[in-house]
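Shown next: structure_26.tsv, containing TSV, N, CA and C atoms.
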chain	number	residue	atom	x	y	z
V	14	MET	N	14.05	-6.37	2.45
V	14	MET	CA	13.18	-6.52	1.30
V	14	MET	C	13.56	-5.54	0.19
V	15	ILE	N	14.02	-4.37	0.57
V	15	ILE	CA	14.44	-3.39	-0.44
V	15	ILE	C	15.64	-3.89	-1.22
V	16	ASP	N	16.56	-4.58	-0.56
V	16	ASP	CA	17.74	-5.11	-1.24
V	16	ASP	C	17.38	-6.12	-2.32
V	17	TYR	N	16.19	-6.74	-2.20
V	17	TYR	CA	15.74	-7.71	-3.20
V	17	TYR	C	14.67	-7.13	-4.11
V	18	ASP	N	14.63	-5.80	-4.22
V	18	ASP	CA	13.75	-5.06	-5.14
V	18	ASP	C	12.26	-5.29	-4.87
V	19	THR	N	11.89	-5.54	-3.63
V	19	THR	CA	10.48	-5.61	-3.27
V	19	THR	C	9.94	-4.19	-3.26
V	20	ILE	N	8.84	-3.96	-3.97
V	20	ILE	CA	8.29	-2.61	-4.04
V	20	ILE	C	6.95	-2.47	-3.34
V	21	PHE	N	6.26	-3.60	-3.06
V	21	PHE	CA	4.95	-3.54	-2.43
V	21	PHE	C	4.79	-4.70	-1.48
V	22	TYR	N	4.40	-4.41	-0.25
V	22	TYR	CA	4.23	-5.43	0.77
V	22	TYR	C	2.86	-5.29	1.41
V	23	ILE	N	2.12	-6.39	1.51
V	23	ILE	CA	0.84	-6.41	2.20
V	23	ILE	C	0.99	-7.32	3.41
V	24	GLY	N	0.69	-6.78	4.57
V	24	GLY	CA	0.72	-7.56	5.80
V	24	GLY	C	-0.58	-7.34	6.54
V	25	ALA	N	-0.74	-7.95	7.67
V	25	ALA	CA	-1.97	-7.77	8.42
V	25	ALA	C	-1.74	-8.09	9.87
V	26	HIS	N	-2.50	-7.73	10.61
V	26	HIS	CA	-3.31	-8.21	11.68
V	26	HIS	C	-3.43	-7.28	12.87
V	27	TYR	N	-3.47	-6.02	12.70
V	27	TYR	CA	-3.74	-5.12	13.82
V	27	TYR	C	-5.19	-4.64	13.82
V	28	HIS	N	-6.03	-5.17	13.00
V	28	HIS	CA	-7.45	-4.82	12.91
V	28	HIS	C	-7.66	-3.36	12.54
V	29	THR	N	-6.80	-2.88	11.68
V	29	THR	CA	-6.93	-1.56	11.07
V	29	THR	C	-6.49	-1.70	9.63
V	30	TYR	N	-6.75	-0.65	8.85
V	30	TYR	CA	-6.12	-0.53	7.53
V	30	TYR	C	-5.15	0.63	7.66
V	31	GLU	N	-3.93	0.41	7.24
V	31	GLU	CA	-2.95	1.49	7.26
V	31	GLU	C	-2.02	1.34	6.08
V	32	ARG	N	-1.80	2.45	5.37
V	32	ARG	CA	-0.79	2.47	4.31
V	32	ARG	C	0.30	3.43	4.72
V	33	ILE	N	1.52	2.95	4.61
V	33	ILE	CA	2.68	3.73	4.99
V	33	ILE	C	3.24	4.39	3.73
V	34	TYR	N	3.68	5.65	3.85
V	34	TYR	CA	4.38	6.27	2.73
V	34	TYR	C	5.56	5.39	2.34
V	35	PRO	N	6.03	5.49	1.10
V	35	PRO	CA	7.15	4.64	0.69
V	35	PRO	C	8.37	4.81	1.61
V	36	TYR	N	8.82	3.66	2.10
V	36	TYR	CA	10.00	3.62	2.96
V	36	TYR	C	11.23	3.63	2.07
V	37	ILE	N	12.17	4.48	2.40
V	37	ILE	CA	13.43	4.57	1.66
V	37	ILE	C	14.51	3.93	2.51
V	38	LYS	N	15.31	3.08	1.91
V	38	LYS	CA	16.37	2.41	2.65
V	38	LYS	C	17.19	3.44	3.43
V	39	GLY	N	17.40	3.16	4.69
V	39	GLY	CA	18.14	4.07	5.54
V	39	GLY	C	17.27	4.74	6.59
V	40	GLY	N	15.97	4.44	6.58
V	40	GLY	CA	15.10	4.93	7.64
V	40	GLY	C	14.29	6.15	7.34
V	41	ASN	N	14.24	6.59	6.10
V	41	ASN	CA	13.45	7.76	5.74
V	41	ASN	C	12.21	7.36	4.96
V	42	PHE	N	11.29	8.30	4.79
V	42	PHE	CA	10.06	8.05	4.05
V	42	PHE	C	9.89	9.11	2.97
V	43	ASN	N	9.32	8.70	1.84
V	43	ASN	CA	8.96	9.62	0.76
V	43	ASN	C	7.54	10.10	1.07
V	44	LEU	N	7.38	11.29	1.62
V	44	LEU	CA	6.10	11.78	2.10
V	44	LEU	C	5.29	12.47	1.00
V	45	LEU	N	5.35	11.95	-0.19
V	45	LEU	CA	4.60	12.50	-1.33
V	45	LEU	C	3.42	11.59	-1.65
V	46	PRO	N	2.34	12.15	-2.22
V	46	PRO	CA	1.18	11.32	-2.57
V	46	PRO	C	1.45	10.43	-3.77
V	47	SER	N	0.63	9.40	-3.91
V	47	SER	CA	0.66	8.48	-5.04
V	47	SER	C	0.27	9.25	-6.30
V	48	PRO	N	0.73	8.87	-7.49
V	48	PRO	CA	1.41	7.63	-7.86
V	48	PRO	C	2.91	7.70	-7.58
V	49	TYR	N	3.50	6.51	-7.42
V	49	TYR	CA	4.93	6.39	-7.17
V	49	TYR	C	5.58	5.72	-8.38
V	50	ASN	N	6.71	6.26	-8.79
V	50	ASN	CA	7.47	5.66	-9.88
V	50	ASN	C	8.66	4.92	-9.28
V	51	MET	N	8.64	3.61	-9.41
V	51	MET	CA	9.68	2.78	-8.81
V	51	MET	C	10.70	2.38	-9.86
V	52	SER	N	11.92	2.24	-9.41
V	52	SER	CA	12.98	1.70	-10.25
V	52	SER	C	13.98	1.02	-9.32
V	53	ARG	N	14.92	0.32	-9.91
V	53	ARG	CA	15.92	-0.34	-9.07
V	53	ARG	C	16.70	0.69	-8.24
V	54	SER	N	16.88	1.87	-8.76
V	54	SER	CA	17.66	2.88	-8.03
V	54	SER	C	16.83	3.63	-7.00
V	55	SER	N	15.50	3.62	-7.09
V	55	SER	CA	14.68	4.37	-6.14
V	55	SER	C	14.71	3.76	-4.75
V	56	LYS	N	14.77	2.43	-4.65
V	56	LYS	CA	14.86	1.72	-3.37
V	56	LYS	C	13.75	2.12	-2.41
V	57	TYR	N	12.50	2.15	-2.89
V	57	TYR	CA	11.34	2.42	-2.06
V	57	TYR	C	10.60	1.12	-1.77
V	58	LEU	N	9.85	1.12	-0.67
V	58	LEU	CA	8.97	0.01	-0.33
V	58	LEU	C	7.66	0.60	0.16
V	59	VAL	N	6.56	0.32	-0.53
V	59	VAL	CA	5.23	0.73	-0.10
V	59	VAL	C	4.65	-0.42	0.71
V	60	SER	N	4.12	-0.10	1.90
V	60	SER	CA	3.64	-1.12	2.81
V	60	SER	C	2.19	-0.85	3.19
V	61	VAL	N	1.37	-1.91	3.16
V	61	VAL	CA	-0.04	-1.83	3.53
V	61	VAL	C	-0.32	-2.87	4.61
V	62	VAL	N	-1.06	-2.47	5.64
V	62	VAL	CA	-1.60	-3.40	6.64
V	62	VAL	C	-3.08	-3.49	6.36
V	63	GLU	N	-3.54	-4.64	5.92
V	63	GLU	CA	-4.95	-4.87	5.59
V	63	GLU	C	-5.51	-5.81	6.64
V	64	GLY	N	-5.93	-5.26	7.78
V	64	GLY	CA	-6.29	-6.10	8.89
V	64	GLY	C	-7.72	-5.97	9.37
V	65	ILE	N	-8.63	-5.40	8.55
V	65	ILE	CA	-9.99	-5.21	9.03
V	65	ILE	C	-11.03	-5.94	8.20
V	66	ALA	N	-10.60	-6.95	7.51
V	66	ALA	CA	-11.57	-7.76	6.76
V	66	ALA	C	-12.30	-8.70	7.71
V	67	GLY	N	-13.39	-9.27	7.26
V	67	GLY	CA	-14.12	-10.23	8.10
V	67	GLY	C	-15.12	-9.57	9.01
V	68	ASN	N	-15.40	-10.22	10.13
V	68	ASN	CA	-16.42	-9.66	11.02
V	68	ASN	C	-15.84	-8.54	11.88
V	69	ASP	N	-16.72	-7.81	12.54
V	69	ASP	CA	-16.31	-6.63	13.29
V	69	ASP	C	-16.24	-6.85	14.80
V	70	LYS	N	-15.97	-8.07	15.24
V	70	LYS	CA	-16.00	-8.38	16.68
V	70	LYS	C	-14.82	-7.81	17.45
V	71	SER	N	-13.68	-7.66	16.85
V	71	SER	CA	-12.52	-7.18	17.62
V	71	SER	C	-11.75	-6.10	16.88
V	72	ILE	N	-12.46	-5.23	16.16
V	72	ILE	CA	-11.77	-4.15	15.49
V	72	ILE	C	-11.38	-3.08	16.50
V	73	VAL	N	-10.41	-2.29	16.15
V	73	VAL	CA	-9.92	-1.22	17.02
V	73	VAL	C	-10.93	-0.08	17.02
V	74	GLU	N	-11.38	0.34	18.19
V	74	GLU	CA	-12.36	1.41	18.28
V	74	GLU	C	-11.71	2.77	18.46
V	75	GLU	N	-10.49	2.81	18.94
V	75	GLU	CA	-9.75	4.06	19.07
V	75	GLU	C	-8.36	3.84	18.53
V	76	TYR	N	-7.78	4.89	17.99
V	76	TYR	CA	-6.43	4.78	17.45
V	76	TYR	C	-5.61	5.91	18.05
V	77	GLY	N	-4.43	5.61	18.46
V	77	GLY	CA	-3.55	6.60	19.08
V	77	GLY	C	-3.09	7.66	18.10
V	78	LYS	N	-2.07	8.34	18.44
V	78	LYS	CA	-1.52	9.41	17.63
V	78	LYS	C	-1.08	8.88	16.26
V	79	LEU	N	-1.45	9.60	15.23
V	79	LEU	CA	-1.10	9.23	13.86
V	79	LEU	C	0.38	9.49	13.61
V	80	SER	N	1.08	8.52	13.04
V	80	SER	CA	2.50	8.68	12.71
V	80	SER	C	2.65	9.59	11.51
V	81	ASN	N	3.76	10.30	11.45
V	81	ASN	CA	3.99	11.20	10.31
V	81	ASN	C	4.27	10.44	9.01
V	82	PHE	N	4.53	9.15	9.10
V	82	PHE	CA	4.77	8.36	7.89
V	82	PHE	C	3.54	7.58	7.44
V	83	THR	N	2.40	7.77	8.10
V	83	THR	CA	1.16	7.11	7.70
V	83	THR	C	0.50	7.91	6.59
V	84	ALA	N	0.31	7.28	5.43
V	84	ALA	CA	-0.32	7.94	4.30
V	84	ALA	C	-1.84	7.83	4.35
V	85	ALA	N	-2.38	6.74	4.90
V	85	ALA	CA	-3.83	6.53	4.99
V	85	ALA	C	-4.11	5.60	6.16
V	86	LEU	N	-5.27	5.80	6.81
V	86	LEU	CA	-5.64	5.00	7.96
V	86	LEU	C	-7.15	4.84	8.01
V	87	SER	N	-7.61	3.63	8.32
V	87	SER	CA	-9.02	3.36	8.53
V	87	SER	C	-9.14	2.37	9.67
V	88	TYR	N	-10.01	2.66	10.62
V	88	TYR	CA	-10.23	1.75	11.73
V	88	TYR	C	-11.68	1.87	12.17
V	89	ASN	N	-12.14	0.97	13.00
V	89	ASN	CA	-13.50	0.95	13.52
V	89	ASN	C	-14.53	0.69	12.42
V	90	VAL	N	-14.11	0.07	11.34
V	90	VAL	CA	-15.02	-0.30	10.25
V	90	VAL	C	-14.36	-1.42	9.44
V	91	THR	N	-15.13	-2.44	9.10
V	91	THR	CA	-14.54	-3.52	8.31
V	91	THR	C	-14.38	-3.09	6.86
V	92	GLY	N	-13.48	-3.75	6.17
V	92	GLY	CA	-13.21	-3.41	4.78
V	92	GLY	C	-12.38	-4.48	4.11
V	93	TYR	N	-11.94	-4.17	2.90
V	93	TYR	CA	-11.15	-5.13	2.12
V	93	TYR	C	-10.35	-4.35	1.08
V	94	GLY	N	-9.37	-5.01	0.50
V	94	GLY	CA	-8.55	-4.40	-0.53
V	94	GLY	C	-8.64	-5.16	-1.84
V	95	ILE	N	-8.47	-4.42	-2.93
V	95	ILE	CA	-8.42	-5.00	-4.27
V	95	ILE	C	-7.15	-4.51	-4.94
V	96	MET	N	-6.39	-5.45	-5.50
V	96	MET	CA	-5.17	-5.10	-6.21
V	96	MET	C	-5.32	-5.47	-7.68
V	97	ASN	N	-4.96	-4.55	-8.55
V	97	ASN	CA	-4.95	-4.80	-9.99
V	97	ASN	C	-3.55	-4.52	-10.51
V	98	VAL	N	-3.02	-5.48	-11.26
V	98	VAL	CA	-1.71	-5.33	-11.87
V	98	VAL	C	-1.89	-5.30	-13.37
V	99	ASN	N	-1.31	-4.30	-14.02
V	99	ASN	CA	-1.38	-4.17	-15.46
V	99	ASN	C	0.03	-4.38	-16.00
V	100	ALA	N	0.30	-5.57	-16.52
V	100	ALA	CA	1.64	-5.93	-16.99
V	100	ALA	C	2.06	-5.09	-18.18
V	101	GLU	N	1.11	-4.73	-19.03
V	101	GLU	CA	1.44	-3.94	-20.21
V	101	GLU	C	1.90	-2.54	-19.83
V	102	GLU	N	1.21	-1.91	-18.88
V	102	GLU	CA	1.59	-0.57	-18.43
V	102	GLU	C	2.63	-0.61	-17.31
V	103	LYS	N	2.94	-1.81	-16.82
V	103	LYS	CA	3.86	-2.00	-15.70
V	103	LYS	C	3.43	-1.13	-14.52
V	104	SER	N	2.19	-1.35	-14.10
V	104	SER	CA	1.67	-0.60	-12.96
V	104	SER	C	0.85	-1.51	-12.06
V	105	LEU	N	0.75	-1.09	-10.81
V	105	LEU	CA	0.00	-1.80	-9.79
V	105	LEU	C	-0.90	-0.77	-9.11
V	106	VAL	N	-2.17	-1.10	-8.92
V	106	VAL	CA	-3.10	-0.24	-8.20
V	106	VAL	C	-3.67	-1.05	-7.05
V	107	TYR	N	-3.65	-0.47	-5.85
V	107	TYR	CA	-4.25	-1.09	-4.69
V	107	TYR	C	-5.27	-0.12	-4.12
V	108	GLU	N	-6.51	-0.62	-3.92
V	108	GLU	CA	-7.57	0.21	-3.36
V	108	GLU	C	-8.15	-0.47	-2.13
V	109	HIS	N	-8.45	0.33	-1.12
V	109	HIS	CA	-9.09	-0.18	0.09
V	109	HIS	C	-10.51	0.38	0.15
V	110	PHE	N	-11.49	-0.50	0.44
V	110	PHE	CA	-12.90	-0.13	0.49
V	110	PHE	C	-13.48	-0.48	1.85
V	111	LYS	N	-14.47	0.30	2.30
V	111	LYS	CA	-15.29	-0.09	3.44
V	111	LYS	C	-16.16	-1.25	2.97
V	112	ALA	N	-16.47	-2.16	3.86
V	112	ALA	CA	-17.32	-3.30	3.50
V	112	ALA	C	-18.72	-2.84	3.10
V	113	THR	N	-19.13	-1.68	3.59
V	113	THR	CA	-20.48	-1.17	3.31
V	113	THR	C	-20.54	-0.28	2.07
V	114	ASP	N	-19.39	0.02	1.44
V	114	ASP	CA	-19.38	0.90	0.26
V	114	ASP	C	-18.32	0.41	-0.71
V	115	TRP	N	-18.73	-0.40	-1.67
V	115	TRP	CA	-17.78	-0.97	-2.63
V	115	TRP	C	-17.62	-0.09	-3.86
V	116	VAL	N	-18.23	1.09	-3.86
V	116	VAL	CA	-18.14	2.00	-5.01
V	116	VAL	C	-17.02	3.03	-4.82
V	117	HIS	N	-16.91	3.59	-3.62
V	117	HIS	CA	-15.94	4.65	-3.35
V	117	HIS	C	-14.81	4.11	-2.47
V	118	SER	N	-13.61	4.16	-2.96
V	118	SER	CA	-12.49	3.63	-2.17
V	118	SER	C	-12.10	4.61	-1.06
V	119	VAL	N	-11.65	4.05	0.05
V	119	VAL	CA	-11.16	4.84	1.17
V	119	VAL	C	-9.73	5.29	0.89
V	120	ASP	N	-8.96	4.43	0.23
V	120	ASP	CA	-7.57	4.74	-0.09
V	120	ASP	C	-7.23	4.14	-1.45
V	121	TYR	N	-6.31	4.81	-2.14
V	121	TYR	CA	-5.92	4.41	-3.48
V	121	TYR	C	-4.43	4.70	-3.61
V	122	VAL	N	-3.67	3.71	-4.06
V	122	VAL	CA	-2.25	3.93	-4.31
V	122	VAL	C	-1.90	3.29	-5.66
V	123	GLN	N	-1.10	4.00	-6.44
V	123	GLN	CA	-0.67	3.48	-7.74
V	123	GLN	C	0.85	3.51	-7.79
V	124	ILE	N	1.41	2.40	-8.28
V	124	ILE	CA	2.86	2.26	-8.39
V	124	ILE	C	3.20	1.90	-9.83
V	125	PHE	N	4.11	2.65	-10.42
V	125	PHE	CA	4.65	2.33	-11.73
V	125	PHE	C	6.03	1.71	-11.53
V	126	TYR	N	6.29	0.59	-12.19
V	126	TYR	CA	7.56	-0.11	-11.99
V	126	TYR	C	8.24	-0.40	-13.31
V	127	GLY	N	8.18	0.53	-14.24
V	127	GLY	CA	8.67	0.35	-15.59
V	127	GLY	C	10.11	-0.09	-15.73
V	128	GLU	N	11.00	0.45	-14.95
V	128	GLU	CA	12.42	0.12	-15.10
V	128	GLU	C	12.84	-1.08	-14.25
V	129	MET	N	11.91	-1.64	-13.50
V	129	MET	CA	12.28	-2.72	-12.57
V	129	MET	C	12.61	-4.03	-13.28
V	130	PHE	N	11.88	-4.32	-14.35
V	130	PHE	CA	11.94	-5.66	-14.92
V	130	PHE	C	12.33	-5.64	-16.40
V	131	LYS	N	13.42	-4.98	-16.72
V	131	LYS	CA	13.87	-4.89	-18.10
V	131	LYS	C	14.73	-6.07	-18.53
V	132	GLU	N	15.05	-6.95	-17.61
V	132	GLU	CA	15.93	-8.07	-17.93
V	132	GLU	C	15.29	-8.94	-19.00
V	133	SER	N	16.10	-9.47	-19.90
V	133	SER	CA	15.55	-10.35	-20.94
V	133	SER	C	15.23	-11.71	-20.37
V	134	ARG	N	14.19	-12.31	-20.89
V	134	ARG	CA	13.78	-13.65	-20.46
V	134	ARG	C	14.11	-14.65	-21.54
V	135	LYS	N	14.94	-15.61	-21.22
V	135	LYS	CA	15.34	-16.61	-22.23
V	135	LYS	C	14.89	-17.97	-21.79

Rewrite the structure of this file - the entire thing - as structure tokens.
Amino acid sequence: MIDYDTIFYIGAHYHTYERIYPYIKGGNFNLLPSPYNMSRSSKYLVSVVEGIAGNDKSIVEEYGKLSNFTAALSYNVTGYGIMNVNAEEKSLVYEHFKATDWVHSVDYVQIFYGEMFKESRK
């Protein structure tokens, strides 16, 4: 996905919310907090698992050891994510909320992709 300039990936289904620090091609992670400035040369991929939406019948009640590349984690509570893309500012914001609190986000990540899409459109 990095070879095709993918900068943000949302997947699911482990019944948790988890955001991974930006993956750098070659097996390393950028362990810095958001915001992230992406470009064709940065070769980062931010990954989110949004798997706790819906009812709470089979959510994970315990979570094992936290990985050193996990930037944020939420489990044992349902929630949802909201993504906003601002084409003018060339930025993307993704926020994860508990289903019971839509005012305060559990996690927030911002990505700037200014140099990604400079190609002319004809």

Residue neighbourhood Gly64 (chain V), 8 Å, all atoms listed in the file, exclusion window fewer than 3 positions, as a ChimeraX atom specification = /V:24-31,61,67,72,91-93

Sel. within 6.5 Å of pt (2.8, -1.6, -14.4), counting all atoms listed in the file, output as a tab-separated table (two decimals) with N, CA and C atoms, in the coordinates of the input:
chain	number	residue	atom	x	y	z
V	98	VAL	N	-3.02	-5.48	-11.26
V	98	VAL	CA	-1.71	-5.33	-11.87
V	98	VAL	C	-1.89	-5.30	-13.37
V	99	ASN	N	-1.31	-4.30	-14.02
V	99	ASN	CA	-1.38	-4.17	-15.46
V	99	ASN	C	0.03	-4.38	-16.00
V	100	ALA	N	0.30	-5.57	-16.52
V	100	ALA	CA	1.64	-5.93	-16.99
V	100	ALA	C	2.06	-5.09	-18.18
V	101	GLU	N	1.11	-4.73	-19.03
V	101	GLU	CA	1.44	-3.94	-20.21
V	101	GLU	C	1.90	-2.54	-19.83
V	102	GLU	N	1.21	-1.91	-18.88
V	102	GLU	CA	1.59	-0.57	-18.43
V	102	GLU	C	2.63	-0.61	-17.31
V	103	LYS	N	2.94	-1.81	-16.82
V	103	LYS	CA	3.86	-2.00	-15.70
V	103	LYS	C	3.43	-1.13	-14.52
V	104	SER	N	2.19	-1.35	-14.10
V	104	SER	CA	1.67	-0.60	-12.96
V	104	SER	C	0.85	-1.51	-12.06
V	105	LEU	N	0.75	-1.09	-10.81
V	105	LEU	CA	0.00	-1.80	-9.79
V	105	LEU	C	-0.90	-0.77	-9.11
V	124	ILE	N	1.41	2.40	-8.28
V	124	ILE	CA	2.86	2.26	-8.39
V	124	ILE	C	3.20	1.90	-9.83
V	125	PHE	N	4.11	2.65	-10.42
V	125	PHE	CA	4.65	2.33	-11.73
V	125	PHE	C	6.03	1.71	-11.53
V	126	TYR	N	6.29	0.59	-12.19
V	126	TYR	CA	7.56	-0.11	-11.99
V	126	TYR	C	8.24	-0.40	-13.31
V	127	GLY	N	8.18	0.53	-14.24
V	127	GLY	CA	8.67	0.35	-15.59
V	127	GLY	C	10.11	-0.09	-15.73

Between atom N of Gly40 (chain V) and atom N of Ile65 (chain V), measure the distance and give it in Å to one decimal.
-> 26.6 Å

Residues at most 12 Å from Asp16 (chain V), counting only C-alpha atoms, excluding those fewer than 5 positions away in the same chain, as number ranges by chain?
-> V: 37-39, 53-58

Tell me, as a ChimeraX atom specification, which residues lie within 12 Å of region 85-88 of chain V, counting only C-alpha atoms; anything in the same chain fewer than 6 positions away does not count.
-> /V:27-35,44,46-47,59-66,69,71-79,94,108-112,118-122

Could you write out, as an MDAnalysis selection string, all the residues of chain V that DSSP marks as strand (DSSP E or B)?
-> chainID V and resid 21:24 30:37 41:42 49:50 57:63 83:87 92:99 104:111 114 120:125

For the residues in the current selection, export N, CA and C atoms as a compact mmCIF listing (two decimals), in the coordinates of the input.
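Printed below is again.txt as written:
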# COMPACT_ATOMS: atom_id res chain seq x y z
N PHE V 21 6.26 -3.60 -3.06
CA PHE V 21 4.95 -3.54 -2.43
C PHE V 21 4.79 -4.70 -1.48
N TYR V 22 4.40 -4.41 -0.25
CA TYR V 22 4.23 -5.43 0.77
C TYR V 22 2.86 -5.29 1.41
N ILE V 23 2.12 -6.39 1.51
CA ILE V 23 0.84 -6.41 2.20
C ILE V 23 0.99 -7.32 3.41
N GLY V 24 0.69 -6.78 4.57
CA GLY V 24 0.72 -7.56 5.80
C GLY V 24 -0.58 -7.34 6.54
N TYR V 30 -6.75 -0.65 8.85
CA TYR V 30 -6.12 -0.53 7.53
C TYR V 30 -5.15 0.63 7.66
N GLU V 31 -3.93 0.41 7.24
CA GLU V 31 -2.95 1.49 7.26
C GLU V 31 -2.02 1.34 6.08
N ARG V 32 -1.80 2.45 5.37
CA ARG V 32 -0.79 2.47 4.31
C ARG V 32 0.30 3.43 4.72
N ILE V 33 1.52 2.95 4.61
CA ILE V 33 2.68 3.73 4.99
C ILE V 33 3.24 4.39 3.73
N TYR V 34 3.68 5.65 3.85
CA TYR V 34 4.38 6.27 2.73
C TYR V 34 5.56 5.39 2.34
N PRO V 35 6.03 5.49 1.10
CA PRO V 35 7.15 4.64 0.69
C PRO V 35 8.37 4.81 1.61
N TYR V 36 8.82 3.66 2.10
CA TYR V 36 10.00 3.62 2.96
C TYR V 36 11.23 3.63 2.07
N ILE V 37 12.17 4.48 2.40
CA ILE V 37 13.43 4.57 1.66
C ILE V 37 14.51 3.93 2.51
N ASN V 41 14.24 6.59 6.10
CA ASN V 41 13.45 7.76 5.74
C ASN V 41 12.21 7.36 4.96
N PHE V 42 11.29 8.30 4.79
CA PHE V 42 10.06 8.05 4.05
C PHE V 42 9.89 9.11 2.97
N TYR V 49 3.50 6.51 -7.42
CA TYR V 49 4.93 6.39 -7.17
C TYR V 49 5.58 5.72 -8.38
N ASN V 50 6.71 6.26 -8.79
CA ASN V 50 7.47 5.66 -9.88
C ASN V 50 8.66 4.92 -9.28
N TYR V 57 12.50 2.15 -2.89
CA TYR V 57 11.34 2.42 -2.06
C TYR V 57 10.60 1.12 -1.77
N LEU V 58 9.85 1.12 -0.67
CA LEU V 58 8.97 0.01 -0.33
C LEU V 58 7.66 0.60 0.16
N VAL V 59 6.56 0.32 -0.53
CA VAL V 59 5.23 0.73 -0.10
C VAL V 59 4.65 -0.42 0.71
N SER V 60 4.12 -0.10 1.90
CA SER V 60 3.64 -1.12 2.81
C SER V 60 2.19 -0.85 3.19
N VAL V 61 1.37 -1.91 3.16
CA VAL V 61 -0.04 -1.83 3.53
C VAL V 61 -0.32 -2.87 4.61
N VAL V 62 -1.06 -2.47 5.64
CA VAL V 62 -1.60 -3.40 6.64
C VAL V 62 -3.08 -3.49 6.36
N GLU V 63 -3.54 -4.64 5.92
CA GLU V 63 -4.95 -4.87 5.59
C GLU V 63 -5.51 -5.81 6.64
N THR V 83 2.40 7.77 8.10
CA THR V 83 1.16 7.11 7.70
C THR V 83 0.50 7.91 6.59
N ALA V 84 0.31 7.28 5.43
CA ALA V 84 -0.32 7.94 4.30
C ALA V 84 -1.84 7.83 4.35
N ALA V 85 -2.38 6.74 4.90
CA ALA V 85 -3.83 6.53 4.99
C ALA V 85 -4.11 5.60 6.16
N LEU V 86 -5.27 5.80 6.81
CA LEU V 86 -5.64 5.00 7.96
C LEU V 86 -7.15 4.84 8.01
N SER V 87 -7.61 3.63 8.32
CA SER V 87 -9.02 3.36 8.53
C SER V 87 -9.14 2.37 9.67
N GLY V 92 -13.48 -3.75 6.17
CA GLY V 92 -13.21 -3.41 4.78
C GLY V 92 -12.38 -4.48 4.11
N TYR V 93 -11.94 -4.17 2.90
CA TYR V 93 -11.15 -5.13 2.12
C TYR V 93 -10.35 -4.35 1.08
N GLY V 94 -9.37 -5.01 0.50
CA GLY V 94 -8.55 -4.40 -0.53
C GLY V 94 -8.64 -5.16 -1.84
N ILE V 95 -8.47 -4.42 -2.93
CA ILE V 95 -8.42 -5.00 -4.27
C ILE V 95 -7.15 -4.51 -4.94
N MET V 96 -6.39 -5.45 -5.50
CA MET V 96 -5.17 -5.10 -6.21
C MET V 96 -5.32 -5.47 -7.68
N ASN V 97 -4.96 -4.55 -8.55
CA ASN V 97 -4.95 -4.80 -9.99
C ASN V 97 -3.55 -4.52 -10.51
N VAL V 98 -3.02 -5.48 -11.26
CA VAL V 98 -1.71 -5.33 -11.87
C VAL V 98 -1.89 -5.30 -13.37
N ASN V 99 -1.31 -4.30 -14.02
CA ASN V 99 -1.38 -4.17 -15.46
C ASN V 99 0.03 -4.38 -16.00
N SER V 104 2.19 -1.35 -14.10
CA SER V 104 1.67 -0.60 -12.96
C SER V 104 0.85 -1.51 -12.06
N LEU V 105 0.75 -1.09 -10.81
CA LEU V 105 0.00 -1.80 -9.79
C LEU V 105 -0.90 -0.77 -9.11
N VAL V 106 -2.17 -1.10 -8.92
CA VAL V 106 -3.10 -0.24 -8.20
C VAL V 106 -3.67 -1.05 -7.05
N TYR V 107 -3.65 -0.47 -5.85
CA TYR V 107 -4.25 -1.09 -4.69
C TYR V 107 -5.27 -0.12 -4.12
N GLU V 108 -6.51 -0.62 -3.92
CA GLU V 108 -7.57 0.21 -3.36
C GLU V 108 -8.15 -0.47 -2.13
N HIS V 109 -8.45 0.33 -1.12
CA HIS V 109 -9.09 -0.18 0.09
C HIS V 109 -10.51 0.38 0.15
N PHE V 110 -11.49 -0.50 0.44
CA PHE V 110 -12.90 -0.13 0.49
C PHE V 110 -13.48 -0.48 1.85
N LYS V 111 -14.47 0.30 2.30
CA LYS V 111 -15.29 -0.09 3.44
C LYS V 111 -16.16 -1.25 2.97
N ASP V 114 -19.39 0.02 1.44
CA ASP V 114 -19.38 0.90 0.26
C ASP V 114 -18.32 0.41 -0.71
N ASP V 120 -8.96 4.43 0.23
CA ASP V 120 -7.57 4.74 -0.09
C ASP V 120 -7.23 4.14 -1.45
N TYR V 121 -6.31 4.81 -2.14
CA TYR V 121 -5.92 4.41 -3.48
C TYR V 121 -4.43 4.70 -3.61
N VAL V 122 -3.67 3.71 -4.06
CA VAL V 122 -2.25 3.93 -4.31
C VAL V 122 -1.90 3.29 -5.66
N GLN V 123 -1.10 4.00 -6.44
CA GLN V 123 -0.67 3.48 -7.74
C GLN V 123 0.85 3.51 -7.79
N ILE V 124 1.41 2.40 -8.28
CA ILE V 124 2.86 2.26 -8.39
C ILE V 124 3.20 1.90 -9.83
N PHE V 125 4.11 2.65 -10.42
CA PHE V 125 4.65 2.33 -11.73
C PHE V 125 6.03 1.71 -11.53

Provide the CA of Asp114 (chain V) to CA of Asn81 (chain V) distance in Å, to one decimal place.
-> 27.4 Å

Atom-to-atom span, CA of Ile20 (chain V) and atom N of Phe82 (chain V), Å =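 Here the two named atoms are 18.0 Å from each other.
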
Around all of region 82-100 of chain V's listed atoms, make the axis-aligned box with 4 Å on each side and tell me centre and edge lengths in Å to one decimal, as lines of an AutoDock Vina configuration file.
center_x = -5.2
center_y = 1.6
center_z = -2.3
size_x = 27.9
size_y = 23.1
size_z = 39.7
